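Chemist: I am attaching a structure below and will ask some questions about it afterwards.
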Amino acid sequence: MINRVVKNAEEAIRDIQDNMTLMVGGFGLCGIPENCINALVKKGVKGLTCISNNAGVDDFGLGLLLQTKQIRKMISSYVGENAEFERQMLSGELEVELIPQGTLATRCLAAGYGMPVIYTPAGVGTEVAIGKEVRRFKYNGEEKDYLMEHAFEADFAIVKAWKGDTAGNLIYRSTARNFNPMMAMAGKVTIAEVEELVEVGELDPDQIHTPGIYVHRVFQGEKYEKRIEQRTVRKKA
Amino acid sequence: MLDKNGIAKRIAREVKDGMYVNLGIGIPTLVANYIPDGINVVLQSENGILGMGPFPFEGEEDADLINAGKQTVTLLKGSSIFDSAMSFGMIRAQKVNLTILGAMEVSEQGDIANWKIPGKMVKGMGGAMDLVASARNIIVAMQHVNKAGESKLLPKCELPLTGIKCVKKIVTELAVLDILPQGGFRLLETAPGVSVEQVKNATAGKLIVEGTIPEMVI
């Protein structure tokens with residue numbers, strides 16, 4: 001079996017260079033590749049374009065790379081929880097492309113499925129549609145307008161999974177799955193950090209979410225903080 | 001006049017047995033608290049849940065299990081987890097029957113604006129553009145007027161749009177209205193203690209009042 005294992009985050013990101021485009025998995029702070037983000041801060045690469053649903057919070061997740069001004073451009077759907085992000089965007093230091101969440105997910109999917117474009121109704125008639133090809137299709141008994149959107153191209157995709165084996169097969173846990181599977185499929189080079197790395201044969205092939213063919217490097221991460229953004233609870237009766 | 005919970009309670013009556021429902025952040029989230037017993041609905045959260053349950057008990061939070069508002073939640077029996085692409089796939093394919101969301105402005109054509117105030121609030125549209133572009137049934141939960149006292153039901157939206165010709169019904173603290181296919185807000189019900197005159201004064205867009213308007217039952 002092909003072995004995809006690298007030692008740690010530093011080795012996994014060793015050839016990420018200035019001005020590259022990265023996909024970064026996660027939804028809010030859930031399912032983000034904490035180890036790789038920390039390693040990117042340490043490495044100090046600059047001018048990055050990051051495709052990620054959110055931008056972390058001020059002192060965690062992608063917020064760490066914003067603080068150090070390593071990100072030149074963000075492509076996201078929602079960036080509401082990050083004051084430093086808002087400051088950099090309004091001052092023009094940071095370029096921001098806000099796109100619908102489903103469009104973001106499907107542009108990743110298209111890349112991994114080998115399809116150059118998709119058509120989606122999201123954003124028709126809004127500023128998202130400016131400059132895009134609009135076509136009218138009949139679907140589900142209804143005729144309406146669709147926007148043509150391109151598959152993303154990313155130098156690296158960095159994802160976080162729950163379990164992975166040495167061949168790069170991945171299993172995610174709960175809603176930490178989110179954007180990770182389709183980003184894993186979409187990188188020219190895909191790096192997966194996992195909570196638990198096991199030998200081949202230990203994962204049930206029927207349970208694999210991302211087949212190892214999409215994953216070029218895998219390592220077991222450490223010291224996961226798994227910070228909760230909105231801790232909401234009920235009292236026991 | 002209704003408070004936020006009153007609006008949520010009234011909207012809960014629009015939720016029918018067997019529906020898959022996506023609830024937005026804010027008042028829509030409260031709707032879950034008022035779905036009557038015996039009505040079986042499945043809540044969809046666009047980060048990848050069908051069958052979302054209530055908040056966890058203290059000490060039982062799971063950082064890997066959150067809803068689209070990034071709040072810790074639980075799963076009900078029979079729930080399922082999926083990735084973001086499938087989540088928006090089922091939304092685009094119109095498998096999700098009802099979308100309830102908030103708005104800053106709604107136009108008499110059914111256009112909605114709820115994601116951006118130029119130069120001021122720049123948070124992003126999240127999944128709202130996908131939801132409003134695909135859902136067949138969209139109910140907006142919002143205040144009839146903004147903090148400055150200006151109507152949010154307009155002839156035309158002034159803020160950047162989230163979607164066009166998509167809103168079917170609006171529930172505010174004053175009234176329930178639907179949007180006619182040819183345009184216009186048709187008044188269906190007034191909130192307890194609210195007159196038709198009050199609704200007229202708070203509605204900048206074209207308001208259609210036909211016959212006697214019943215008071216809301218909540």
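Labels for the structure tokens follow display order: chains A, B, ..., residues from 1 in each chain, ligands from 1.
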Find the residues near B:Ala93: any atom within 9 Å, counting only C-alpha atoms, skip ones fewer than 2 places away on the same chain, and give them as an MDAnalysis selection string.
Modeler: (chainID A and resid 139:140) or (chainID B and resid 88:91 95:96 134:135)
Chemist: Please identify all residues of chain A having at least one atom at most 9 Å from any atom of chain B, considering only C-alpha atoms, and return them as a ChimeraX atom specification.
Modeler: /A:27-31,53,76-81,86,89-90,98-106,108-109,120-127,139-140,173-182,226-236
Chemist: For A:Lys42, work out the shell of residues within 12 Å, counting only C-alpha atoms and skipping chain neighbours fewer than 4 positions away, then give it as a list of chain:residue names.
Modeler: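 The neighbour list is A:Ala9, A:Glu10, A:Ile13, A:Arg14, A:Asn35, A:Cys36, A:Ile37, A:Asn38, A:Lys46, A:Leu64, A:Leu65, A:Thr68, A:Gln70.
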Chemist: Please produce a file of the residues just selected, as a short mmCIF file (atom, residue, chain, number, x, y, z; two decimals), in the first residue's frame, where the atoms kept are all heavy atoms.
Modeler:
data_model
loop_
_atom_site.label_atom_id
_atom_site.label_comp_id
_atom_site.auth_asym_id
_atom_site.auth_seq_id
_atom_site.Cartn_x
_atom_site.Cartn_y
_atom_site.Cartn_z
N ALA A 9 3.42 18.62 11.16
CA ALA A 9 2.89 19.74 10.38
C ALA A 9 4.00 20.47 9.62
O ALA A 9 3.82 20.85 8.46
CB ALA A 9 2.15 20.71 11.31
N GLU A 10 5.15 20.64 10.26
CA GLU A 10 6.27 21.37 9.62
C GLU A 10 6.67 20.67 8.32
O GLU A 10 6.88 21.31 7.30
CB GLU A 10 7.48 21.47 10.57
CG GLU A 10 7.34 22.51 11.66
CD GLU A 10 6.31 22.14 12.73
OE1 GLU A 10 6.10 20.93 12.97
OE2 GLU A 10 5.69 23.06 13.29
N ILE A 13 3.91 20.99 5.50
CA ILE A 13 3.76 22.29 4.81
C ILE A 13 5.08 22.81 4.26
O ILE A 13 5.18 23.97 3.84
CB ILE A 13 3.14 23.35 5.75
CG1 ILE A 13 4.07 23.66 6.93
CG2 ILE A 13 1.76 22.95 6.25
CD1 ILE A 13 4.04 25.11 7.34
N ARG A 14 6.09 21.97 4.26
CA ARG A 14 7.46 22.42 3.97
C ARG A 14 7.59 23.23 2.68
O ARG A 14 8.35 24.17 2.59
CB ARG A 14 8.43 21.22 3.93
CG ARG A 14 8.08 20.23 2.80
CD ARG A 14 8.84 18.93 2.88
NE ARG A 14 8.49 18.07 1.74
CZ ARG A 14 7.54 17.14 1.78
NH1 ARG A 14 6.86 16.94 2.90
NH2 ARG A 14 7.28 16.41 0.72
N ASN A 35 -2.96 22.27 13.70
CA ASN A 35 -1.50 22.09 13.66
C ASN A 35 -0.88 22.78 12.45
O ASN A 35 0.15 23.44 12.56
CB ASN A 35 -1.16 20.60 13.63
CG ASN A 35 -1.30 19.94 15.00
OD1 ASN A 35 -0.32 19.56 15.62
ND2 ASN A 35 -2.53 19.83 15.47
N CYS A 36 -1.52 22.64 11.30
CA CYS A 36 -0.96 23.24 10.08
C CYS A 36 -1.02 24.77 10.13
O CYS A 36 -0.12 25.45 9.67
CB CYS A 36 -1.69 22.72 8.85
SG CYS A 36 -1.18 21.04 8.39
N ILE A 37 -2.12 25.30 10.70
CA ILE A 37 -2.23 26.76 10.81
C ILE A 37 -1.09 27.28 11.68
O ILE A 37 -0.39 28.24 11.32
CB ILE A 37 -3.61 27.17 11.37
CG1 ILE A 37 -4.71 26.87 10.33
CG2 ILE A 37 -3.62 28.67 11.73
CD1 ILE A 37 -6.14 27.02 10.84
N ASN A 38 -0.86 26.62 12.83
CA ASN A 38 0.25 27.04 13.69
C ASN A 38 1.59 26.96 12.97
O ASN A 38 2.44 27.84 13.11
CB ASN A 38 0.28 26.19 14.97
CG ASN A 38 -0.90 26.49 15.87
OD1 ASN A 38 -1.46 27.59 15.83
ND2 ASN A 38 -1.29 25.52 16.68
N LYS A 46 4.03 34.44 3.27
CA LYS A 46 3.19 35.64 3.15
C LYS A 46 2.44 35.67 1.81
O LYS A 46 2.70 34.88 0.93
CB LYS A 46 4.09 36.88 3.24
CG LYS A 46 4.61 37.12 4.63
CD LYS A 46 5.11 38.54 4.82
CE LYS A 46 5.27 38.89 6.28
NZ LYS A 46 6.09 37.92 7.03
N LEU A 64 -5.16 33.73 13.35
CA LEU A 64 -3.73 33.81 13.69
C LEU A 64 -2.91 34.28 12.50
O LEU A 64 -1.97 35.08 12.65
CB LEU A 64 -3.23 32.44 14.17
CG LEU A 64 -3.86 31.91 15.46
CD1 LEU A 64 -3.49 30.46 15.68
CD2 LEU A 64 -3.46 32.77 16.66
N LEU A 65 -3.28 33.81 11.30
CA LEU A 65 -2.55 34.20 10.09
C LEU A 65 -2.92 35.61 9.64
O LEU A 65 -2.17 36.25 8.88
CB LEU A 65 -2.85 33.22 8.95
CG LEU A 65 -2.16 31.85 9.04
CD1 LEU A 65 -2.78 30.88 8.04
CD2 LEU A 65 -0.67 31.98 8.79
N THR A 68 -0.80 38.14 11.81
CA THR A 68 0.58 38.28 11.34
C THR A 68 0.62 38.79 9.90
O THR A 68 1.69 38.83 9.28
CB THR A 68 1.28 36.91 11.41
OG1 THR A 68 0.44 35.93 10.78
CG2 THR A 68 1.52 36.49 12.85
N GLN A 70 -0.25 37.49 7.10
CA GLN A 70 0.27 36.55 6.11
C GLN A 70 -0.74 36.29 4.99
O GLN A 70 -0.39 35.70 3.98
CB GLN A 70 0.64 35.23 6.79
CG GLN A 70 1.87 35.35 7.67
CD GLN A 70 2.10 34.10 8.52
OE1 GLN A 70 1.70 34.04 9.67
NE2 GLN A 70 2.70 33.09 7.94
#
Chemist: So that I can check the secondary structure, give me every residue of stretch 131-237 of chain A assigned helix (DSSP H, G or I) by backbone DSSP, as a list in words.
Modeler: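 Filtering stretch 131-237 of chain A down to helix (DSSP H, G or I) leaves Ser174, Thr175, Ala176, Asn180, Pro181, Met182, Met183, Ala184, Pro205, Asp206, Gln207, Gly212, Ile213 and Tyr214 of chain A.
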Chemist: Pull all heavy atoms from the residues just selected and write them as a CSV table (one decimal), in the first residue's frame.
Modeler:
chain,number,residue,atom,x,y,z
A,174,SER,N,-18.6,13.9,13.2
A,174,SER,CA,-19.7,14.8,13.5
A,174,SER,C,-19.6,16.0,12.5
A,174,SER,O,-19.2,15.9,11.4
A,174,SER,CB,-19.7,15.2,14.9
A,174,SER,OG,-21.0,15.7,15.3
A,175,THR,N,-20.0,17.2,13.0
A,175,THR,CA,-20.1,18.3,12.1
A,175,THR,C,-18.7,18.9,11.8
A,175,THR,O,-18.5,19.9,11.1
A,175,THR,CB,-21.0,19.5,12.6
A,175,THR,OG1,-20.6,19.9,13.9
A,175,THR,CG2,-22.4,19.0,12.6
A,176,ALA,N,-17.6,18.3,12.4
A,176,ALA,CA,-16.3,18.7,12.0
A,176,ALA,C,-15.9,18.2,10.6
A,176,ALA,O,-14.9,18.5,10.1
A,176,ALA,CB,-15.3,18.1,13.0
A,180,ASN,N,-14.3,19.8,4.9
A,180,ASN,CA,-13.1,19.0,4.8
A,180,ASN,C,-13.1,18.0,3.6
A,180,ASN,O,-12.1,17.9,2.8
A,180,ASN,CB,-12.8,18.4,6.1
A,180,ASN,CG,-12.2,19.4,7.1
A,180,ASN,OD1,-11.2,20.0,6.8
A,180,ASN,ND2,-12.9,19.5,8.2
A,181,PRO,N,-14.2,17.2,3.4
A,181,PRO,CA,-14.1,16.2,2.4
A,181,PRO,C,-14.0,16.8,1.0
A,181,PRO,O,-13.2,16.3,0.2
A,181,PRO,CB,-15.5,15.5,2.5
A,181,PRO,CG,-15.9,15.7,3.9
A,181,PRO,CD,-15.4,17.1,4.2
A,182,MET,N,-14.7,17.9,0.7
A,182,MET,CA,-14.6,18.4,-0.7
A,182,MET,C,-13.3,19.2,-0.9
A,182,MET,O,-12.8,19.2,-2.0
A,182,MET,CB,-15.9,19.2,-1.1
A,182,MET,CG,-16.0,20.5,-0.5
A,182,MET,SD,-17.7,20.7,0.3
A,182,MET,CE,-17.7,19.4,1.4
A,183,MET,N,-12.8,19.8,0.2
A,183,MET,CA,-11.5,20.5,0.0
A,183,MET,C,-10.4,19.4,-0.2
A,183,MET,O,-9.5,19.6,-1.0
A,183,MET,CB,-11.2,21.4,1.2
A,183,MET,CG,-12.1,22.6,1.1
A,183,MET,SD,-11.7,23.8,2.4
A,183,MET,CE,-12.7,25.2,1.9
A,184,ALA,N,-10.5,18.3,0.6
A,184,ALA,CA,-9.5,17.3,0.4
A,184,ALA,C,-9.4,16.8,-1.0
A,184,ALA,O,-8.3,16.5,-1.5
A,184,ALA,CB,-9.8,16.1,1.3
A,205,PRO,N,-13.3,-0.1,5.2
A,205,PRO,CA,-13.4,0.5,3.9
A,205,PRO,C,-14.8,1.1,3.6
A,205,PRO,O,-14.9,2.1,3.0
A,205,PRO,CB,-13.1,-0.6,2.9
A,205,PRO,CG,-12.3,-1.6,3.7
A,205,PRO,CD,-12.8,-1.5,5.1
A,206,ASP,N,-15.8,0.5,4.2
A,206,ASP,CA,-17.2,1.0,4.0
A,206,ASP,C,-17.4,2.4,4.8
A,206,ASP,O,-18.4,3.1,4.5
A,206,ASP,CB,-18.2,0.0,4.6
A,206,ASP,CG,-18.6,-0.9,3.5
A,206,ASP,OD1,-18.6,-0.6,2.3
A,206,ASP,OD2,-19.1,-2.1,3.8
A,207,GLN,N,-16.6,2.7,5.7
A,207,GLN,CA,-16.8,3.9,6.5
A,207,GLN,C,-15.9,5.1,6.1
A,207,GLN,O,-16.0,6.1,6.7
A,207,GLN,CB,-16.5,3.6,8.0
A,207,GLN,CG,-17.3,2.4,8.6
A,207,GLN,CD,-18.8,2.7,8.5
A,207,GLN,OE1,-19.2,3.8,8.8
A,207,GLN,NE2,-19.5,1.6,8.2
A,212,GLY,N,-7.9,7.6,0.1
A,212,GLY,CA,-6.5,8.1,0.1
A,212,GLY,C,-6.0,8.6,-1.2
A,212,GLY,O,-5.0,9.4,-1.2
A,213,ILE,N,-6.6,8.3,-2.3
A,213,ILE,CA,-6.1,8.8,-3.6
A,213,ILE,C,-6.0,10.3,-3.6
A,213,ILE,O,-5.2,10.9,-4.3
A,213,ILE,CB,-6.9,8.3,-4.7
A,213,ILE,CG1,-6.3,8.5,-6.1
A,213,ILE,CG2,-8.4,8.8,-4.7
A,213,ILE,CD1,-7.0,7.8,-7.2
A,214,TYR,N,-6.9,11.0,-2.8
A,214,TYR,CA,-7.0,12.4,-2.8
A,214,TYR,C,-6.0,13.1,-1.8
A,214,TYR,O,-5.8,14.3,-1.8
A,214,TYR,CB,-8.4,12.9,-2.4
A,214,TYR,CG,-9.4,12.7,-3.5
A,214,TYR,CD1,-10.5,11.8,-3.3
A,214,TYR,CD2,-9.4,13.5,-4.6
A,214,TYR,CE1,-11.4,11.7,-4.3
A,214,TYR,CE2,-10.4,13.4,-5.6
A,214,TYR,CZ,-11.4,12.5,-5.5
A,214,TYR,OH,-12.3,12.4,-6.4
Chemist: Can you pull out every residue within 10 Å of A:Gly114, counting only C-alpha atoms, but drop anything in the same chain fewer than 2 positions away, and send it as a list in words?
Modeler: Leu109, Ala110, Ala111, Gly112, Pro116, Val117, Ala151, Met185 and Ala186 of chain A
Chemist: Can I get the selected residues back with C-alpha atoms, as a short mmCIF file (atom, residue, chain, number, x, y, z; two decimals), in the first residue's frame?
Modeler:
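result31.cif was written with the following content:
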data_model
loop_
_atom_site.label_atom_id
_atom_site.label_comp_id
_atom_site.auth_asym_id
_atom_site.auth_seq_id
_atom_site.Cartn_x
_atom_site.Cartn_y
_atom_site.Cartn_z
CA LEU A 109 -16.53 19.65 -5.18
CA ALA A 110 -16.32 20.48 -8.87
CA ALA A 111 -12.52 20.60 -8.64
CA GLY A 112 -12.43 17.17 -7.01
CA PRO A 116 -14.53 22.91 -14.65
CA VAL A 117 -17.81 24.75 -13.96
CA ALA A 151 -14.07 25.04 -10.00
CA MET A 185 -10.54 16.32 -3.10
CA ALA A 186 -9.68 19.70 -4.56
#
Chemist: Figure out the distance between atom CA of B:Asn5 and atom CA of B:Met52, please, to one decimal in Å.
Modeler: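 Straight-line distance from atom CA of B:Met52 to atom CA of B:Asn5 works out to 20.1 Å.
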Chemist: Have a look at atom CA of A:Tyr146 and atom CA of B:Asn22 and let me know their distance in Å, one decimal.
Modeler: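 Rounded to one decimal, the two atoms are 22.1 Å apart.
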Chemist: Could you jot down the atom CA of B:Leu101 to atom CA of B:Leu207 separation for me, Å, one decimal place?
Modeler: 21.6 Å
Chemist: For the strand (DSSP E or B) assignment from backbone DSSP, which residues of stretch 100-153 of chain B qualify? Please present them as a list in words.
Modeler: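 Strand (DSSP E or B) assignments inside stretch 100-153 of chain B correspond to Ile100, Leu101, Glu105, Val106, Ser107, Ile112, Ala113, Lys116, Ile117, Met121, Val122, Ile138, Ile139, Val140, Ala141, Val145, Ser151 and Leu153 of chain B.
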Chemist: I'd like the neighbourhood of A:Phe137 as a compact mmCIF listing (two decimals) with N, CA, C and O atoms, in the first residue's frame, where a residue qualifies if any of its atoms comes within 12 Å (using only C-alpha atoms), though same-chain residues fewer than 5 positions away should be ignored.
Modeler:
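Result file follows (out-v1.txt):
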# COMPACT_ATOMS: atom_id res chain seq x y z
N TYR A 119 -23.33 25.29 -12.40
CA TYR A 119 -24.36 26.34 -12.50
C TYR A 119 -25.18 26.30 -11.22
O TYR A 119 -25.63 25.24 -10.81
N THR A 120 -25.32 27.46 -10.61
CA THR A 120 -26.09 27.54 -9.37
C THR A 120 -27.01 28.75 -9.40
O THR A 120 -26.65 29.79 -9.97
N PRO A 121 -28.18 28.64 -8.79
CA PRO A 121 -29.06 29.81 -8.73
C PRO A 121 -28.64 30.81 -7.64
O PRO A 121 -29.14 31.94 -7.62
N GLU A 142 -39.32 23.88 -13.10
CA GLU A 142 -39.29 25.33 -12.94
C GLU A 142 -38.19 25.88 -13.83
O GLU A 142 -37.08 25.33 -13.85
N GLU A 143 -38.47 26.97 -14.55
CA GLU A 143 -37.42 27.57 -15.38
C GLU A 143 -36.87 28.78 -14.67
O GLU A 143 -37.63 29.68 -14.29
N LYS A 144 -35.56 28.80 -14.45
CA LYS A 144 -34.98 29.99 -13.83
C LYS A 144 -33.52 30.19 -14.21
O LYS A 144 -32.93 29.35 -14.89
N ASP A 145 -32.97 31.32 -13.76
CA ASP A 145 -31.60 31.69 -14.11
C ASP A 145 -30.58 31.04 -13.18
O ASP A 145 -30.83 30.88 -11.99
N TYR A 146 -29.46 30.70 -13.77
CA TYR A 146 -28.35 30.12 -13.02
C TYR A 146 -27.05 30.85 -13.35
O TYR A 146 -26.86 31.30 -14.48
N LEU A 147 -26.16 30.95 -12.36
CA LEU A 147 -24.85 31.57 -12.58
C LEU A 147 -23.82 30.49 -12.86
O LEU A 147 -23.82 29.46 -12.20
N MET A 148 -22.94 30.77 -13.80
CA MET A 148 -21.83 29.85 -14.03
C MET A 148 -20.71 30.19 -13.05
O MET A 148 -20.29 31.33 -12.94
